$ cat structure.cif   # mmCIF, C-alpha atoms and all ligand atoms
data_structure
loop_
_atom_site.label_atom_id
_atom_site.label_comp_id
_atom_site.auth_asym_id
_atom_site.auth_seq_id
_atom_site.Cartn_x
_atom_site.Cartn_y
_atom_site.Cartn_z
CA MET A 24 150.47 95.85 62.16
CA SER A 25 153.08 98.07 60.49
CA SER A 26 154.51 96.82 57.18
CA ALA A 27 158.25 96.62 56.47
CA PRO A 28 159.74 99.77 54.88
CA GLN A 29 159.90 99.53 51.09
CA ARG A 30 162.71 100.41 48.73
CA LYS A 31 161.66 103.37 46.56
CA ASP A 32 162.11 102.69 42.91
CA PHE A 33 162.88 105.40 40.36
CA GLU A 34 160.52 106.36 37.58
CA ALA A 35 163.50 106.29 35.23
CA THR A 36 164.11 102.59 35.89
CA GLY A 37 161.58 101.58 33.22
CA LYS A 38 163.64 103.49 30.68
CA MET A 39 166.80 101.81 31.95
CA LYS A 40 165.31 98.37 31.40
CA GLU A 41 164.51 99.44 27.85
CA VAL A 42 168.06 100.74 27.28
CA MET A 43 169.61 97.54 28.65
CA GLY A 44 167.14 95.40 26.67
CA ASN A 45 168.15 97.20 23.47
CA TYR A 46 171.81 96.66 24.29
CA PHE A 47 171.35 92.90 24.64
CA ALA A 48 169.11 92.71 21.57
CA GLU A 49 171.81 94.52 19.57
CA LEU A 50 174.41 92.01 20.78
CA ASP A 51 172.14 89.15 19.77
CA ARG A 52 171.46 90.57 16.30
CA GLY A 53 175.14 91.40 15.75
CA PRO A 54 176.24 88.32 13.77
CA LYS A 55 173.12 88.45 11.55
CA GLU A 56 173.88 92.07 10.74
CA GLY A 57 177.52 91.34 10.04
CA LYS A 58 178.72 93.06 13.20
CA LYS A 59 181.67 91.64 15.07
CA THR A 60 181.59 91.09 18.83
CA ALA A 61 184.44 91.96 21.16
CA TRP A 62 184.47 90.78 24.74
CA CYS A 63 185.95 93.39 27.02
CA THR A 64 186.91 93.38 30.70
CA SER A 65 184.98 95.90 32.77
CA VAL A 66 187.84 98.39 32.74
CA GLY A 67 189.23 97.40 29.37
CA PRO A 68 189.57 99.68 26.32
CA ALA A 69 185.84 99.74 25.44
CA GLU A 70 186.13 103.06 23.60
CA LEU A 71 188.69 101.67 21.17
CA LEU A 72 186.47 98.67 20.48
CA ARG A 73 183.41 100.81 19.83
CA ALA A 74 185.43 103.10 17.58
CA LEU A 75 186.35 100.05 15.51
CA GLY A 76 182.67 99.17 15.08
CA PHE A 77 182.50 96.19 17.45
CA ASN A 78 179.51 95.31 19.56
CA VAL A 79 181.07 95.24 23.03
CA TYR A 80 180.12 92.58 25.55
CA PHE A 81 181.24 92.55 29.21
CA PRO A 82 181.30 89.06 30.76
CA GLU A 83 181.69 90.48 34.28
CA ASN A 84 178.22 91.93 33.84
CA HIS A 85 177.05 88.42 32.97
CA GLY A 86 178.89 87.19 36.08
CA ALA A 87 176.94 89.70 38.18
CA MET A 88 173.67 88.52 36.59
CA LEU A 89 174.55 84.92 37.44
CA GLY A 90 175.15 86.06 41.02
CA ALA A 91 172.01 88.17 41.30
CA THR A 92 169.81 85.36 39.93
CA ARG A 93 171.67 82.89 42.20
CA MET A 94 172.28 80.63 39.22
CA ALA A 95 175.96 80.87 40.17
CA THR A 96 175.61 78.40 43.03
CA ASP A 97 174.86 75.48 40.71
CA LEU A 98 177.23 76.57 37.96
CA ILE A 99 180.46 77.20 39.89
CA PRO A 100 181.04 73.47 40.61
CA LEU A 101 181.02 72.74 36.84
CA ALA A 102 183.99 75.06 36.35
CA ASN A 103 185.65 73.61 39.45
CA ALA A 104 185.36 70.17 37.89
CA ARG A 105 187.12 71.50 34.78
CA GLY A 106 190.10 72.58 36.87
CA PHE A 107 189.28 76.10 38.02
CA SER A 108 189.79 76.29 41.77
CA PRO A 109 186.86 77.20 44.03
CA ASP A 110 189.17 79.85 45.50
CA ILE A 111 189.48 81.95 42.35
CA CYS A 112 187.12 84.61 40.99
CA SER A 113 183.55 83.37 41.21
CA TYR A 114 182.53 85.55 38.25
CA LEU A 115 184.96 83.47 36.21
CA THR A 116 183.79 80.13 37.61
CA SER A 117 180.08 81.02 37.34
CA ASP A 118 180.49 82.27 33.79
CA ILE A 119 182.48 79.27 32.60
CA GLY A 120 180.01 77.01 34.42
CA SER A 121 177.21 78.82 32.58
CA HIS A 122 178.93 78.18 29.26
CA LEU A 123 179.49 74.51 30.07
CA LYS A 124 175.87 74.00 31.05
CA GLY A 125 174.42 76.23 28.33
CA ALA A 126 172.34 78.08 30.97
CA SER A 127 172.24 81.85 31.26
CA PRO A 128 169.90 84.54 32.60
CA LEU A 129 170.14 86.08 29.11
CA GLN A 130 167.90 83.25 27.89
CA LYS A 131 165.04 84.95 29.78
CA MET A 132 165.69 87.93 27.49
CA LYS A 133 165.11 85.81 24.41
CA MET A 134 168.82 85.47 23.71
CA SER A 135 170.33 82.04 23.24
CA GLY A 136 173.03 83.09 25.73
CA PRO A 137 176.13 85.26 25.77
CA PRO A 138 177.30 86.25 22.28
CA LYS A 139 180.27 84.35 20.88
CA ALA A 140 183.37 86.52 20.75
CA ASP A 141 185.27 87.34 17.57
CA VAL A 142 188.02 88.73 19.78
CA LEU A 143 188.62 88.92 23.54
CA VAL A 144 190.28 92.02 24.97
CA PHE A 145 191.46 92.27 28.57
CA ASN A 146 193.21 94.73 30.83
CA THR A 147 194.91 93.29 33.91
CA ASN A 148 194.46 96.56 35.80
CA GLN A 149 191.89 94.80 37.99
CA CYS A 150 193.34 91.27 38.35
CA ARG A 151 194.98 88.38 36.52
CA ASP A 152 191.78 86.36 36.58
CA VAL A 153 190.28 88.27 33.67
CA LYS A 154 193.17 87.26 31.42
CA ASP A 155 192.89 83.57 32.39
CA TRP A 156 189.12 83.77 31.90
CA PHE A 157 189.40 85.29 28.42
CA GLN A 158 192.20 82.97 27.37
CA TRP A 159 189.98 79.99 28.18
CA TYR A 160 187.36 81.24 25.74
CA GLY A 161 190.07 82.11 23.22
CA ARG A 162 191.12 78.44 23.22
CA GLU A 163 187.52 77.19 23.31
CA TRP A 164 186.55 79.17 20.19
CA ASP A 165 189.94 79.50 18.58
CA VAL A 166 189.67 83.30 18.44
CA PRO A 167 192.33 85.89 19.31
CA CYS A 168 192.75 87.05 22.89
CA VAL A 169 194.74 90.26 23.27
CA GLY A 170 195.21 92.73 26.06
CA ILE A 171 196.95 95.29 28.17
CA HIS A 172 199.13 94.48 31.16
CA THR A 173 198.79 97.31 33.63
CA PRO A 174 200.88 97.38 36.81
CA ARG A 175 199.00 97.00 40.10
CA SER A 176 199.46 98.52 43.58
CA ILE A 177 200.37 101.77 41.88
CA GLY A 178 201.33 104.73 44.07
CA ASP A 179 202.01 107.71 41.80
CA VAL A 180 200.63 107.19 38.31
CA ASP A 181 203.69 108.66 36.62
CA ASP A 182 204.45 109.32 32.97
CA SER A 183 206.34 106.05 32.50
CA ILE A 184 203.20 104.05 33.44
CA ILE A 185 200.93 106.17 31.23
CA ASP A 186 203.35 105.90 28.35
CA ASP A 187 203.64 102.13 28.71
CA VAL A 188 199.86 101.55 28.94
CA ALA A 189 199.11 104.00 26.12
CA ARG A 190 201.63 102.23 23.82
CA GLN A 191 200.16 98.82 24.73
CA THR A 192 196.69 100.15 23.88
CA GLU A 193 197.89 101.55 20.54
CA ALA A 194 199.53 98.23 19.76
CA LEU A 195 196.08 96.59 19.88
CA VAL A 196 194.90 98.64 16.90
CA GLY A 197 196.51 96.43 14.24
CA PRO A 198 195.22 93.06 15.52
CA LEU A 199 191.79 94.57 16.18
CA GLU A 200 191.56 96.12 12.71
CA GLU A 201 192.23 92.68 11.31
CA VAL A 202 189.31 91.13 13.20
CA ALA A 203 187.01 94.11 12.65
CA GLY A 204 187.78 94.33 8.96
CA GLU A 205 187.70 98.09 9.45
CA LYS A 206 190.34 100.78 9.35
CA PHE A 207 190.95 102.61 12.60
CA ASP A 208 189.81 106.23 12.57
CA ILE A 209 191.19 108.46 15.32
CA ASP A 210 188.33 110.92 14.94
CA LYS A 211 185.83 108.16 15.60
CA LEU A 212 187.79 107.28 18.75
CA ARG A 213 187.70 110.93 19.87
CA GLU A 214 183.93 110.95 19.35
CA VAL A 215 183.43 107.77 21.40
CA ILE A 216 185.71 109.07 24.17
CA ASP A 217 183.71 112.27 24.26
CA ILE A 218 180.46 110.31 24.74
CA SER A 219 182.13 108.08 27.31
CA ARG A 220 183.30 111.10 29.26
CA GLN A 221 179.81 112.61 29.23
CA CYS A 222 178.51 109.34 30.68
CA THR A 223 181.20 109.40 33.39
CA VAL A 224 180.41 112.97 34.40
CA LEU A 225 176.69 112.21 34.62
CA TRP A 226 177.23 109.00 36.57
CA LYS A 227 179.50 110.82 39.02
CA THR A 228 176.94 113.59 39.51
CA ILE A 229 174.24 110.98 40.10
CA LEU A 230 176.27 109.22 42.77
CA GLU A 231 177.13 112.55 44.38
CA THR A 232 173.45 113.31 45.01
CA ALA A 233 173.85 110.78 47.85
CA ALA A 234 175.96 113.37 49.71
CA ALA A 235 172.67 115.11 50.55
CA ARG A 236 170.97 114.47 53.89
CA PRO A 237 168.81 112.48 53.65
CA SER A 238 170.33 110.62 50.76
CA PRO A 239 168.03 110.09 47.76
CA LEU A 240 169.99 107.01 46.70
CA THR A 241 171.53 103.89 48.27
CA PHE A 242 174.39 101.66 47.24
CA PHE A 243 171.77 99.02 46.41
CA ASP A 244 170.07 101.41 43.97
CA GLY A 245 173.49 102.20 42.55
CA THR A 246 174.22 98.54 41.75
CA VAL A 247 171.11 98.54 39.53
CA GLN A 248 171.46 102.00 38.05
CA MET A 249 175.10 101.51 37.09
CA GLY A 250 174.21 99.07 34.27
CA PRO A 251 174.44 101.60 31.41
CA ALA A 252 177.67 103.12 32.79
CA VAL A 253 179.22 99.64 32.77
CA VAL A 254 178.10 98.20 29.45
CA LEU A 255 177.21 101.26 27.38
CA ARG A 256 179.99 103.72 28.00
CA GLY A 257 180.86 105.36 24.73
CA HIS A 258 177.27 104.79 23.55
CA GLN A 259 174.81 107.69 23.37
CA SER A 260 172.00 105.68 25.02
CA ALA A 261 173.85 105.68 28.38
CA VAL A 262 174.15 109.48 28.27
CA ASP A 263 170.49 109.82 27.34
CA TYR A 264 169.46 107.55 30.19
CA TYR A 265 171.45 109.38 32.86
CA ASN A 266 170.04 112.68 31.59
CA VAL A 267 166.64 111.27 32.59
CA LEU A 268 167.71 109.79 35.94
CA LEU A 269 169.68 112.79 37.21
CA PRO A 270 166.77 115.30 37.34
CA GLU A 271 164.69 112.72 39.19
CA LEU A 272 167.39 112.47 41.84
CA GLN A 273 167.82 116.22 41.99
CA GLU A 274 164.08 116.52 42.56
CA ARG A 275 164.33 114.02 45.40
CA VAL A 276 167.14 116.06 46.96
CA ALA A 277 165.17 119.31 46.65
CA GLY A 278 162.08 117.68 48.18
CA ARG A 279 164.15 115.90 50.87
CA VAL A 280 162.84 112.55 49.67
CA ALA A 281 164.88 109.93 51.51
CA ALA A 282 165.87 106.61 50.00
CA VAL A 283 165.81 105.29 53.56
CA GLU A 284 162.91 106.71 55.55
CA ASP A 285 164.03 108.50 58.73
CA GLU A 286 167.70 108.02 57.83
CA ARG A 287 169.68 107.71 61.08
CA PHE A 288 173.09 106.49 59.97
CA ARG A 289 175.20 106.60 56.84
CA ILE A 290 177.55 103.82 55.81
CA TYR A 291 180.28 103.38 53.20
CA TRP A 292 180.43 99.97 51.45
CA GLU A 293 183.96 98.93 50.59
CA GLY A 294 184.43 95.96 48.26
CA MET A 295 182.30 93.87 45.96
CA PRO A 296 178.51 93.57 46.20
CA ILE A 297 177.10 90.24 47.41
CA TRP A 298 174.95 89.88 44.32
CA GLY A 299 172.65 87.11 45.51
CA LYS A 300 171.82 88.94 48.73
CA LEU A 301 171.32 92.53 47.63
CA SER A 302 167.56 92.50 48.30
CA SER A 303 167.79 91.08 51.79
CA LEU A 304 170.68 93.38 52.72
CA SER A 305 168.84 96.38 51.33
CA ALA A 306 165.75 95.41 53.35
CA GLN A 307 167.77 95.01 56.53
CA PHE A 308 169.37 98.44 56.16
CA LEU A 309 165.94 99.97 55.47
CA GLU A 310 164.64 98.46 58.71
CA LEU A 311 167.66 99.76 60.58
CA LYS A 312 167.07 103.23 59.07
CA THR A 313 170.64 103.14 57.86
CA CYS A 314 171.60 104.26 54.39
CA VAL A 315 174.58 102.80 52.57
CA VAL A 316 175.29 106.13 50.89
CA ALA A 317 178.44 105.42 48.92
CA SER A 318 180.71 102.63 47.77
CA THR A 319 184.00 102.04 46.08
CA TYR A 320 182.26 99.69 43.68
CA CYS A 321 179.71 102.05 42.12
CA ASN A 322 182.35 104.76 41.90
CA SER A 323 184.68 102.47 39.97
CA TRP A 324 183.01 103.43 36.67
CA ILE A 325 184.04 107.07 36.86
CA PHE A 326 186.80 107.82 34.35
CA GLU A 327 187.33 111.54 34.56
CA ALA A 328 190.70 111.49 32.87
CA LEU A 329 189.13 110.62 29.50
CA ASP A 330 189.89 113.41 27.07
CA PRO A 331 189.02 113.32 23.35
CA SER A 332 191.91 115.62 22.52
CA ASP A 333 194.41 113.06 23.86
CA PRO A 334 192.78 109.66 23.21
CA PHE A 335 195.41 107.04 24.01
CA GLU A 336 197.15 108.83 26.87
CA SER A 337 193.86 109.79 28.48
CA MET A 338 192.51 106.24 28.22
CA ALA A 339 195.74 104.99 29.78
CA ARG A 340 195.38 107.51 32.61
CA ALA A 341 191.68 106.78 33.13
CA TYR A 342 192.24 103.02 33.33
CA SER A 343 195.41 103.10 35.41
CA THR A 344 194.10 105.40 38.13
CA ILE A 345 191.13 103.21 39.12
CA PHE A 346 190.92 102.35 42.81
CA ILE A 347 191.54 98.62 42.40
CA CYS A 348 195.02 99.01 40.88
CA ARG A 349 196.29 101.54 43.44
CA SER A 350 198.49 101.09 46.49
CA ASP A 351 196.91 100.87 49.94
CA ASP A 352 197.95 104.40 50.90
CA ARG A 353 196.20 105.80 47.79
CA LYS A 354 193.14 103.69 48.51
CA GLU A 355 193.08 105.02 52.07
CA GLN A 356 193.29 108.61 50.86
CA TYR A 357 190.37 107.93 48.54
CA ILE A 358 188.21 106.36 51.26
CA GLU A 359 189.04 109.21 53.65
CA GLN A 360 187.83 111.75 51.14
CA MET A 361 184.65 109.72 50.47
CA VAL A 362 183.89 109.41 54.20
CA ASP A 363 184.18 113.15 54.51
CA LYS A 364 182.19 114.00 51.39
CA TYR A 365 179.29 111.64 52.17
CA GLN A 366 179.28 112.29 55.94
CA VAL A 367 179.74 108.63 56.68
CA ASP A 368 179.30 107.24 60.20
CA GLY A 369 180.94 103.86 59.66
CA ILE A 370 182.60 101.67 57.04
CA LEU A 371 181.57 98.15 56.03
CA TYR A 372 184.33 96.13 54.36
CA HIS A 373 183.22 93.13 52.35
CA ASP A 374 185.93 90.50 52.34
CA ALA A 375 184.97 88.59 49.20
CA LYS A 376 186.63 85.22 49.51
CA THR A 377 187.20 84.68 45.78
CA CYS A 378 188.24 88.26 45.00
CA PRO A 379 191.30 89.25 47.00
CA ASN A 380 191.84 91.96 44.38
CA ASN A 381 188.79 93.89 45.50
CA SER A 382 188.88 93.02 49.21
CA ASN A 383 190.76 95.53 51.29
CA SER A 384 190.34 94.29 54.82
CA ARG A 385 193.09 91.69 54.78
CA TYR A 386 196.14 93.82 55.49
CA GLU A 387 194.98 95.93 58.47
CA MET A 388 193.33 98.71 56.44
CA PRO A 389 190.14 98.83 58.58
CA GLN A 390 192.17 99.23 61.74
CA ARG A 391 194.37 101.95 60.21
CA MET A 392 191.32 103.80 58.90
CA GLN A 393 189.56 103.58 62.24
CA LYS A 394 192.60 105.06 63.95
CA LYS A 395 192.82 107.83 61.39
CA LEU A 396 189.12 108.70 61.07
CA GLY A 397 187.70 107.55 64.39
CA LYS A 398 184.88 105.77 62.54
CA PRO A 399 183.75 102.25 63.47
CA TYR A 400 184.05 99.46 60.92
CA LEU A 401 182.60 96.05 60.24
CA VAL A 402 184.15 93.29 58.14
CA VAL A 403 181.60 91.02 56.43
CA ASN A 404 182.94 87.71 55.18
CA GLY A 405 181.22 86.60 52.02
CA ASP A 406 181.59 86.52 48.30
CA LEU A 407 180.37 88.23 45.16
CA ASN A 408 178.73 85.09 43.72
CA ASP A 409 179.54 82.00 45.74
CA LEU A 410 176.90 81.97 48.46
CA ARG A 411 178.44 78.87 50.02
CA LEU A 412 180.97 81.34 51.42
CA TYR A 413 178.38 83.58 53.04
CA SER A 414 176.48 83.13 56.28
CA GLU A 415 173.30 85.16 56.14
CA GLU A 416 172.49 84.65 59.78
CA GLN A 417 175.89 85.71 61.01
CA THR A 418 175.98 88.74 58.72
CA ARG A 419 172.53 89.90 59.83
CA THR A 420 173.60 89.68 63.47
CA ASN A 421 176.87 91.49 62.80
CA ILE A 422 175.16 94.29 60.88
CA GLU A 423 172.62 94.73 63.67
CA ALA A 424 175.39 94.94 66.25
CA PHE A 425 177.33 97.38 64.05
CA VAL A 426 174.37 99.75 63.74
CA GLU A 427 173.82 99.45 67.48
CA GLN A 428 177.43 100.47 67.95
CA LEU A 429 176.87 103.51 65.69
CA SER A 430 174.00 104.62 67.88
CA GLU A 431 176.27 104.53 70.90
CA GLU A 432 179.03 106.62 69.32
S1 LIG B 1 188.39 91.96 40.17
FE1 LIG B 1 187.70 90.23 41.40
S2 LIG B 1 185.58 89.92 40.80
FE2 LIG B 1 186.51 91.20 39.23
S3 LIG B 1 187.18 89.76 37.68
FE3 LIG B 1 188.92 90.09 39.04
S4 LIG B 1 188.83 88.50 40.62
FE4 LIG B 1 186.84 88.58 39.54
#
$ encode --input "structure.cif" --output "structure tokens"
Amino acid sequence: MSSAPQRKDFEATGKMKEVMGNYFAELDRGPKEGKKTAWCTSVGPAELLRALGFNVYFPENHGAMLGATRMATDLIPLANARGFSPDICSYLTSDIGSHLKGASPLQKMKMSGPPKADVLVFNTNQCRDVKDWFQWYGREWDVPCVGIHTPRSIGDVDDSIIDDVARQTEALVGPLEEVAGEKFDIDKLREVIDISRQCTVLWKTILETAAARPSPLTFFDGTVQMGPAVVLRGHQSAVDYYNVLLPELQERVAGRVAAVEDERFRIYWEGMPIWGKLSSLSAQFLELKTCVVASTYCNSWIFEALDPSDPFESMARAYSTIFICRSDDRKEQYIEQMVDKYQVDGILYHDAKTCPNNSNSRYEMPQRMQKKLGKPYLVVNGDLNDLRLYSEEQTRTNIEAFVEQLSEE
């Protein structure tokens, strides 16, 4: 009897667990060591916060953990009962549910739970939900909640947008200094931006190894390996980690070590991960000898515009050019270039019910892209965290039929 194909782990992963463990331990120790904690949205001004000496915590990462551990399912209704609709961001509802119940996956890491914020800092470049989410905690703890309002559906990122976002970011310095009890130092910011940029370049190079045939890396690996790029950008430990992971991937490429044995097809994943189903989806694609080689999601933590010689403008550019805040025609150009670069055979769009902001199948994009690129597509209806909105059986059948279709192309 032949056994099911196995996902190949990376030797570096042990080191990553250590790096992430240290990050959470540092957050936990923060108050005892007199360090202040700033909550930051995933594409918020993390560099500025680090430069001001804050420990930086990202609740979306906690949201993803609640999804991956499937704790979200029981917690979302608690936030719904408090008045947050089941139709809005399920990171928000799971996280607030987690707070209300006092239950968190961080407790398995010997933390009492997420660290209490001294200040909450958002950027609406991704959605409005993050602001509502942070404001709730601001009221709950009576701490300041400040942020940046970035336009969305941006076509050309012109100077007026950069100027506006850069000035809004600079305006945060005063209120943040007050909470931090530290004077802002532009050279410290340049230093942090430099480290953040090194992390970005490494993370990009890592993801690009998947352009090789066979690919040494899948989207599912990427969702695990991206941890340091998300929570530790601007911190040397992320750079150190990716300097360990990259050679391992390069070795796999040189030795033609495939992430998916006998890789037949290559798919692009558009949209959010389905956190609670990553293992079963990964296993299904392994069985189908199909590699999900690239995704919008894992590439969303690449901020090439960061430039230590121009801190505020470059942060504004980096955080206003991300995929999620661009117009559909810019998003389509991006996907087209990714399909070409990664030699993709088909595109899977995840329509995440509670995240319209990061679902791109609702306004005819798949059909337009198919016409333009001649590549088949599949739309999977589901959600990032709320598994009540996901049918495993139906998705399995649809993925099977999609891969069958690829073999007939
Ligand atoms: S982008 Fe989507 S998943 Fe992320 S915080 Fe906003 S609504 Fe939630």
$ closest_atom_pairs --input "structure.cif" --of "segment 200-287 of chain A" --to "segment 134-157 of chain A" --cutoff "12 Å" --atoms "only C-alpha atoms" --output "CSV"
residue,atom,partner,partner_atom,distance
A:Glu200,CA,A:Val142,CA,10.8
A:Glu201,CA,A:Val142,CA,10.3
A:Val202,CA,A:Asp141,CA,7.1
A:Ala203,CA,A:Asp141,CA,8.5
A:Gly204,CA,A:Asp141,CA,11.4
$ residues_near_ligand --input "structure.cif" --ligand "ligand LIG 1 (chain B)" --cutoff "8 Å" --atoms "all atoms listed in the file" --output "PyMOL selection string"
chain A and resi 64+83+111-115+149-153+295+347+377-381+407
$ closest_residue --input "structure.cif" --among "A:Trp62, A:Tyr291, A:Tyr80, A:Trp159" --to "Phe107 of chain A" --atoms "only C-alpha atoms"
A:Trp159
$ residues_near_point --input "structure.cif" --point "(180.4, 101.1, 64.7)" --cutoff "9 Å" --atoms "all atoms listed in the file" --output "list in words"
Asp368, Gly369, Ile370, Lys398, Pro399, Tyr400, Leu401, Ala424, Phe425, Val426, Glu427, Gln428, Leu429, Ser430, Glu431 and Glu432 of chain A
$ closest_residue --input "structure.cif" --among "A:Asn78, A:Thr344, A:Thr246, A:Gln259" --to "Leu301 of chain A" --atoms "all atoms listed in the file"
A:Thr246
$ atom_distance --input "structure.cif" --atom1 "atom CA of Ile290 of chain A" --atom2 "atom CA of Asp179 of chain A"
28.5 Å
$ atom_distance --input "structure.cif" --atom1 "atom CA of Asn383 of chain A" --atom2 "atom CA of Ile177 of chain A"
14.8 Å
$ atom_distance --input "structure.cif" --atom1 "atom CA of Ser414 of chain A" --atom2 "atom CA of Met88 of chain A"
20.6 Å
$ residues_around --input "structure.cif" --residues "Ile297 of chain A" --least-positions-apart "6" --cutoff "10 Å" --atoms "all atoms listed in the file" --output "short mmCIF file (atom, residue, chain, number, x, y, z; two decimals) with C-alpha atoms, in the frame of the given file"
data_model
loop_
_atom_site.label_atom_id
_atom_site.label_comp_id
_atom_site.auth_asym_id
_atom_site.auth_seq_id
_atom_site.Cartn_x
_atom_site.Cartn_y
_atom_site.Cartn_z
CA ALA A 87 176.94 89.70 38.18
CA GLY A 90 175.15 86.06 41.02
CA ALA A 91 172.01 88.17 41.30
CA LEU A 304 170.68 93.38 52.72
CA HIS A 373 183.22 93.13 52.35
CA ALA A 375 184.97 88.59 49.20
CA GLY A 405 181.22 86.60 52.02
CA ASP A 406 181.59 86.52 48.30
CA LEU A 407 180.37 88.23 45.16
CA ASN A 408 178.73 85.09 43.72
CA ASP A 409 179.54 82.00 45.74
CA LEU A 410 176.90 81.97 48.46
CA TYR A 413 178.38 83.58 53.04
#
$ decode --input "structure.cif" --residues "segment 182-244 of chain A" --atoms "C-alpha atoms" --output "mmCIF file, in the first residue's frame"
data_model
loop_
_atom_site.group_PDB
_atom_site.id
_atom_site.type_symbol
_atom_site.label_atom_id
_atom_site.label_comp_id
_atom_site.auth_asym_id
_atom_site.auth_seq_id
_atom_site.Cartn_x
_atom_site.Cartn_y
_atom_site.Cartn_z
ATOM 1 C CA ASP A 182 3.349 62.515 -5.266
ATOM 2 C CA SER A 183 0.214 63.962 -3.683
ATOM 3 C CA ILE A 184 -0.625 60.562 -2.118
ATOM 4 C CA ILE A 185 2.958 59.998 -0.927
ATOM 5 C CA ASP A 186 3.121 63.484 0.498
ATOM 6 C CA ASP A 187 -0.190 63.089 2.321
ATOM 7 C CA VAL A 188 0.689 59.663 3.811
ATOM 8 C CA ALA A 189 4.220 60.753 4.726
ATOM 9 C CA ARG A 190 2.878 63.848 6.559
ATOM 10 C CA GLN A 191 0.278 61.713 8.389
ATOM 11 C CA THR A 192 3.068 59.341 9.458
ATOM 12 C CA GLU A 193 5.246 62.221 10.674
ATOM 13 C CA ALA A 194 2.300 63.610 12.606
ATOM 14 C CA LEU A 195 2.250 60.401 14.673
ATOM 15 C CA VAL A 196 5.703 61.146 16.089
ATOM 16 C CA GLY A 197 4.513 63.593 18.766
ATOM 17 C CA PRO A 198 1.718 61.432 20.230
ATOM 18 C CA LEU A 199 3.942 58.348 20.070
ATOM 19 C CA GLU A 200 6.853 60.097 21.800
ATOM 20 C CA GLU A 201 4.464 60.952 24.595
ATOM 21 C CA VAL A 202 3.484 57.309 25.126
ATOM 22 C CA ALA A 203 7.009 55.987 24.605
ATOM 23 C CA GLY A 204 8.564 58.541 26.913
ATOM 24 C CA GLU A 205 11.398 58.683 24.405
ATOM 25 C CA LYS A 206 12.598 61.323 21.990
ATOM 26 C CA PHE A 207 12.354 60.429 18.324
ATOM 27 C CA ASP A 208 15.726 59.917 16.642
ATOM 28 C CA ILE A 209 15.744 59.986 12.845
ATOM 29 C CA ASP A 210 18.996 58.032 12.694
ATOM 30 C CA LYS A 211 17.433 55.231 14.690
ATOM 31 C CA LEU A 212 14.546 55.204 12.202
ATOM 32 C CA ARG A 213 17.006 55.008 9.290
ATOM 33 C CA GLU A 214 18.704 52.061 10.984
ATOM 34 C CA VAL A 215 15.412 50.205 11.496
ATOM 35 C CA ILE A 216 14.326 50.906 7.904
ATOM 36 C CA ASP A 217 17.630 49.556 6.677
ATOM 37 C CA ILE A 218 17.082 46.287 8.601
ATOM 38 C CA SER A 219 13.477 46.149 7.427
ATOM 39 C CA ARG A 220 14.583 46.531 3.830
ATOM 40 C CA GLN A 221 17.151 43.755 4.196
ATOM 41 C CA CYS A 222 14.356 41.510 5.482
ATOM 42 C CA THR A 223 12.152 42.445 2.520
ATOM 43 C CA VAL A 224 14.864 41.696 -0.024
ATOM 44 C CA LEU A 225 15.581 38.316 1.557
ATOM 45 C CA TRP A 226 11.905 37.396 1.801
ATOM 46 C CA LYS A 227 11.390 38.326 -1.852
ATOM 47 C CA THR A 228 14.386 36.232 -2.923
ATOM 48 C CA ILE A 229 13.050 33.306 -0.895
ATOM 49 C CA LEU A 230 9.643 33.482 -2.548
ATOM 50 C CA GLU A 231 11.268 33.810 -5.965
ATOM 51 C CA THR A 232 13.005 30.442 -5.584
ATOM 52 C CA ALA A 233 9.530 29.034 -6.340
ATOM 53 C CA ALA A 234 9.958 30.221 -9.943
ATOM 54 C CA ALA A 235 12.245 27.202 -10.422
ATOM 55 C CA ARG A 236 10.871 23.986 -11.909
ATOM 56 C CA PRO A 237 10.201 22.015 -9.817
ATOM 57 C CA SER A 238 9.431 24.546 -7.151
ATOM 58 C CA PRO A 239 11.243 24.024 -3.833
ATOM 59 C CA LEU A 240 8.494 25.850 -1.951
ATOM 60 C CA THR A 241 4.688 25.994 -1.829
ATOM 61 C CA PHE A 242 2.259 28.685 -0.779
ATOM 62 C CA PHE A 243 1.518 26.537 2.276
ATOM 63 C CA ASP A 244 5.195 26.609 3.287
#
